Amino acid sequence: MVVTDPLLRPDEDRFAAATEGHVALADLMERPAKLVADGGIAADEMSIVDDATLEDDASYRGLAARRVKIKKGLTYASALLSCICAGSIMIFSLYAPQFQTHMGYSQVQVNLLSILGEAGMYLTTPIVGICADVYGSAVLSFLAAILFGVAYALAAWAYAAQAPYLAMMIAFLLIGGGTACMYFGSITACAKTFTSNRGLALGLPITAYGLSSLWQSQVAAVFFIDRQSGQVRVPGLFAFFAIFLATIGLIATVGYHFGYKPDPVVVPTKKLQTPSVRLGSDEESPLLEGGLHTQSETSLAAEEDGRADEDDSKTIPLTRRQMVLSFAKDWTAWGVALGLFTTIGPGEMFLNNMGSLIRSLSAPGPSAATNISILSFSSASMRIIAGVVSDHISSKKGRKYSRMLVMLFFTVLLVFGHFFVGLGGLEVSNGWWFWTVSVALGGSYGAIFTLAPTIVSLVWGAEQFGTNWGVLFIFPAMGSIIYELVYATIYDYHTHGERLCYGLNCYQATFVITGTSCVLAVIVWACVWQLGWQRRCLFI
């Protein structure tokens, strides 16, 4: 049979022409049916064309899916690598005493260096979060490499040359900034790359960050300890961190650059004029006002719905200012912030003052080092467990329970832990039940720190996750400072002019206050869940 076609030469094969670009692939899908209707081609020949076309299309989709998986894997590997190396500032106590003996710093000056590191890490998070959303994780990772390299090199020089105190202050401020860039770049990349199983996707890098200080302290103890004096060789340790962390930052930069990049977010024009919160069909639909969709999702929806009118099919990008205003005007965002303030703050207060608390007991139990290890292990394990459990109970297959149930469970566990200490449970048990407190508070602290960013990415979308979580991240830092001041004030009040304090009075009021704060968090988060998100039909 001879098939005539104005686009083809008589001796030209149809598929060869398509390969050379003379005929579009879509035309090959449409023309057979038309030719059959006109009587110009047999049905069996049409099936050959359809089968070849569908086979090519399926192979192309398979290749594209494999490429996406490889890119996502590269992004996740870069995030895990960054997080497992980003916590160098948490081993500050390992070399802090030598600032006094070698540099002649006072205790106030030593504490100020720690505060500057925390300020660089916590107070810059809104700016770092915006940069993560606007410029991407690759830029943040490159900036982290520069900050770590410069900061630790400056600190090594300042220590070896006994430079003025200002140089060390600048160094630790930059170390905190580098930590924030590397950590937020990783978390933001994971939140935007993995829109399903978010609990596990965010739980693993957050757990890796918590474990980074453990292996780094062991490296310092093995390779940078003077065997004769038993002190840390601080310049060598700082030089190692300068080279190592700068290298890790550059490697992660390359990984993020060639890794997965999500589609931009667009919304229907009418949705911007009359915003309304809707229920996402699955976890891949961000649940922000107006209902955000990626460009590819919007295009597919427009193709599938032939009845959509012309106005509904038009899409324009949702501006960053609109997303920020939507987040700031949402009262549930401030409820989440208050809950983080009253849970994470007391958790960090307990972690940072565990040594003095154990020393204050009438009959101390296990050592502070043992309980720090127990707390670290329970915190790290619960980060993963909470992420996996929350993903399982709220998966698409049934959606029986909300992640908020897991969040509230661990918050209630915090309540029991704080009140157990505040009401004298440790005194009655002669201190030997301290390990249960370490497990309860450490595990709850880690679980909440994993669930909170997961919920934020679900409620307000992954597109603006860096900015939103950066703003909320300030509240745990403020809570930590305030609750530590409360603990220190009550502790000093009962020393009666002495350096140390012993007995229940040293900490009872503090833990009653923190336990009450956790009760407030339970109430606030329950209201946010039931009166806010449930009424908007948001399944978290």
# chains A, B, ... in the order shown; residues from 1 in each chain; ligands from 1
>>> residues_around(residues="A:Phe350", least_positions_apart="2", cutoff="10 Å", atoms="only C-alpha atoms", output="PyMOL selection string")
chain A and resi 344-348+352-357+418+437-438+441-442+480+483-484+487+511+514
>>> residues_around(residues="A:Phe475", least_positions_apart="4", cutoff="8 Å", atoms="only C-alpha atoms", output="ChimeraX atom specification")
/A:337-338,340-341,471,479
>>> closest_residue(among="A:Phe416, A:Phe184, A:Tyr256, A:Phe224", to="A:Val512", atoms="only C-alpha atoms")
A:Phe416
>>> residues_around(residues="A:Asp133", least_positions_apart="4", cutoff="7 Å", atoms="only C-alpha atoms", output="CSV table (one decimal) with all heavy atoms, in the first residue's frame")
chain,number,residue,atom,x,y,z
A,129,GLY,N,17.3,31.0,55.7
A,129,GLY,CA,16.1,30.4,55.1
A,129,GLY,C,15.6,31.0,53.8
A,129,GLY,O,15.3,30.3,52.8
A,463,GLU,N,7.9,24.9,49.0
A,463,GLU,CA,8.5,26.0,48.2
A,463,GLU,C,9.1,27.1,49.1
A,463,GLU,O,10.1,27.7,48.8
A,463,GLU,CB,7.5,26.6,47.2
A,463,GLU,CG,7.9,27.8,46.4
A,463,GLU,CD,9.0,27.4,45.4
A,463,GLU,OE1,9.1,26.2,45.1
A,463,GLU,OE2,9.6,28.3,44.8
A,464,GLN,N,8.4,27.4,50.2
A,464,GLN,CA,8.8,28.5,51.1
A,464,GLN,C,9.3,27.9,52.4
A,464,GLN,O,9.3,28.6,53.4
A,464,GLN,CB,7.6,29.4,51.4
A,464,GLN,CG,7.9,30.7,52.0
A,464,GLN,CD,8.6,31.7,51.0
A,464,GLN,OE1,8.8,31.4,49.9
A,464,GLN,NE2,9.0,32.8,51.5
A,466,GLY,N,12.3,27.0,53.6
A,466,GLY,CA,13.5,27.6,54.2
A,466,GLY,C,13.1,28.8,55.0
A,466,GLY,O,13.6,29.0,56.1
A,467,THR,N,12.3,29.7,54.4
A,467,THR,CA,11.9,31.0,55.0
A,467,THR,C,11.1,30.7,56.3
A,467,THR,O,11.3,31.3,57.3
A,467,THR,CB,11.2,31.9,54.0
A,467,THR,OG1,12.0,32.1,52.9
A,467,THR,CG2,10.8,33.2,54.7
>>> closest_residue(among="A:Gly259, A:Gly210, A:Gly104, A:Gly470", to="A:Ala447", atoms="only C-alpha atoms")
A:Gly210
>>> atom_distance(atom1="atom CA of A:Cys181", atom2="atom CA of A:Ser141")
6.4 Å
>>> residues_around(residues="stretch 399-407 of chain A", least_positions_apart="3", cutoff="10 Å", atoms="only C-alpha atoms", output="ChimeraX atom specification")
/A:199,282,386-387,389-396,410-412,444,447-452,454-455,522,525-526,528-530,539-540
